[in-house]
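Trainee: Here you go, one structure.
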Amino acid sequence: MISIRRTSAENPDFCSLIELLDKDLWNRYPETQQNFTAFNVVKLDAKVIVAYDDDRAVGCGCFREIGNKTIVEIKRMYVKEEVRGKGIAKSILIELEKWAIEEGRNSAILETGINQPEAISLYKKLGYEQIEKYEPYVNSNDSICMGKELSEKFS
């Protein structure tokens with residue numbers, strides 16, 4: 001059974017999943033991933049979600065405040081390959097959105113890459129639309145930036 005837990009950036013399961021995410025991104029973007037390593041560091045004030053299949057960590061995501069503190073940036077979304085297609089990423093993203101609303105935020109933005117069609121599809125299904133690229137992704141040909149106004153209604 002899948003459970004979704006709110007936690008912190010210090011959670012060892014989150015840290016292990018981030019290592020897997022980074023390996024995946026290096027495989028997908030071997031020529032450019034080094035340009036984004038510094039922007040993928042999760043600070044301790046991030047709001048972190050870890051998904052568990054029984055007691056095994058299988059997915060994660062987080063958000064951080066940006067701008068005028070009404071906007072969050074969704075970061076570090078990842079689900080282990082062997083459990084993809086079960087709605088885990090959707091559950092993680094919906095929980096992140098709920099948490100952001102509880103924190104008084106009203107919109108979310110994110111960056112994903114052109115070599116991540118499964119992520120793009122998920123974000124579109126959950127109401128995210130492509131937006132103008134924001135820093136530090138403005139000049140990245142591999143990046144797609146998306147955004148969404150948050151509401152209490154969840155898919």
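In the structure tokens, chains take the letters A, B, ... in the order shown, each chain's residues start at 1, and ligands count up from 1 in the order shown.
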Hey, what's within 9 Å of Ile114 (chain A) if we count only C-alpha atoms and toss same-chain stuff fewer than 2 positions away? As number ranges by chain, please?
Mentor: A: 112, 116-117, 120, 141-144
Trainee: If you keep all heavy atoms, can you produce a file of those selected residues as a compact mmCIF listing (two decimals), in the first residue's frame?
Mentor:
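Writing the result to part.txt gives the following:
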```txt
# COMPACT_ATOMS: atom_id res chain seq x y z
N THR A 112 11.14 21.16 -15.96
CA THR A 112 11.41 19.78 -16.32
C THR A 112 12.18 19.80 -17.63
O THR A 112 12.46 20.88 -18.15
CB THR A 112 10.11 18.94 -16.40
OG1 THR A 112 10.46 17.56 -16.50
CG2 THR A 112 9.23 19.36 -17.55
N GLN A 116 12.05 14.15 -20.66
CA GLN A 116 11.23 13.57 -19.60
C GLN A 116 9.74 13.62 -19.99
O GLN A 116 8.94 14.29 -19.34
CB GLN A 116 11.48 14.31 -18.29
CG GLN A 116 12.90 14.10 -17.77
CD GLN A 116 13.26 15.11 -16.72
OE1 GLN A 116 13.84 16.15 -17.01
NE2 GLN A 116 12.91 14.80 -15.48
N PRO A 117 9.37 12.92 -21.04
CA PRO A 117 7.98 13.00 -21.52
C PRO A 117 6.97 12.53 -20.48
O PRO A 117 5.84 13.05 -20.44
CB PRO A 117 7.97 12.10 -22.76
CG PRO A 117 9.14 11.19 -22.59
CD PRO A 117 10.17 11.99 -21.85
N ILE A 120 6.34 15.54 -18.21
CA ILE A 120 5.55 16.56 -18.92
C ILE A 120 4.09 16.13 -18.99
O ILE A 120 3.18 16.93 -18.73
CB ILE A 120 6.14 16.80 -20.33
CG1 ILE A 120 7.54 17.39 -20.22
CG2 ILE A 120 5.23 17.71 -21.15
CD1 ILE A 120 8.35 17.34 -21.51
N ASN A 141 18.20 24.98 -23.65
CA ASN A 141 17.39 24.36 -24.70
C ASN A 141 16.74 23.06 -24.22
O ASN A 141 15.81 22.58 -24.85
CB ASN A 141 18.26 24.07 -25.93
CG ASN A 141 18.72 25.34 -26.61
OD1 ASN A 141 18.03 26.35 -26.60
ND2 ASN A 141 19.90 25.28 -27.19
N ASP A 142 17.23 22.49 -23.13
CA ASP A 142 16.69 21.24 -22.60
C ASP A 142 15.52 21.46 -21.64
O ASP A 142 14.82 20.51 -21.30
CB ASP A 142 17.77 20.47 -21.83
CG ASP A 142 18.84 19.90 -22.74
OD1 ASP A 142 18.56 19.71 -23.94
OD2 ASP A 142 19.95 19.63 -22.25
N SER A 143 15.30 22.70 -21.21
CA SER A 143 14.31 22.98 -20.17
C SER A 143 12.95 23.38 -20.72
O SER A 143 12.84 24.06 -21.73
CB SER A 143 14.81 24.13 -19.27
OG SER A 143 15.92 23.72 -18.52
N ILE A 144 11.94 22.94 -19.97
CA ILE A 144 10.56 23.37 -20.17
C ILE A 144 10.08 23.84 -18.80
O ILE A 144 10.17 23.09 -17.81
CB ILE A 144 9.68 22.21 -20.67
CG1 ILE A 144 10.14 21.76 -22.05
CG2 ILE A 144 8.20 22.63 -20.69
CD1 ILE A 144 9.47 20.49 -22.52
```
Trainee: Could you give me, as a VMD selection string, the residues within 8 Å of Glu149 (chain A), counting only C-alpha atoms and dropping anything in the same chain fewer than 2 positions from it?
Mentor: chain A and resid 106 to 108 147 151
Trainee: Need to verify the contact set: Asp54 (chain A), 12 Å, only C-alpha atoms, exclusion of same-chain residues closer than 2 positions in sequence. Can you return it as number ranges by chain?
Mentor: A: 1-5, 51-52, 56-58
Trainee: What are the DSSP alpha helix (DSSP H) residues of chain A, as an MDAnalysis selection string?
Mentor: chainID A and resid 12:28 88:102 117:125
Trainee: CA of Met146 (chain A) and CA of Pro12 (chain A) are how many Å apart?
Mentor: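 Result for CA of Met146 (chain A) versus CA of Pro12 (chain A): 28.8 Å, one decimal.
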Trainee: Just the residues within 7 Å of Ile49 (chain A), please, counting only C-alpha atoms, with nothing from its chain fewer than 6 positions along; format it as a VMD selection string.
Mentor: chain A and resid 4 to 7 60 to 62 92
Trainee: Save the residues we just selected, C-alpha atoms, as a PDB file, in the first residue's frame?
Mentor:
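Okay, this is what ended up in again.pdb:
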```pdb
ATOM      1  CA  ILE A   4       2.597   9.702   1.380  1.00  0.00           C
ATOM      2  CA  ARG A   5       4.527  11.344   4.224  1.00  0.00           C
ATOM      3  CA  ARG A   6       5.539  14.930   4.809  1.00  0.00           C
ATOM      4  CA  THR A   7       9.093  15.198   6.039  1.00  0.00           C
ATOM      5  CA  CYS A  60       9.709  11.940  -3.605  1.00  0.00           C
ATOM      6  CA  GLY A  61       9.216  15.607  -4.356  1.00  0.00           C
ATOM      7  CA  CYS A  62       9.514  18.933  -2.610  1.00  0.00           C
ATOM      8  CA  ILE A  92       3.143  13.247  -4.444  1.00  0.00           C
TER       9      ILE A  92
END
```
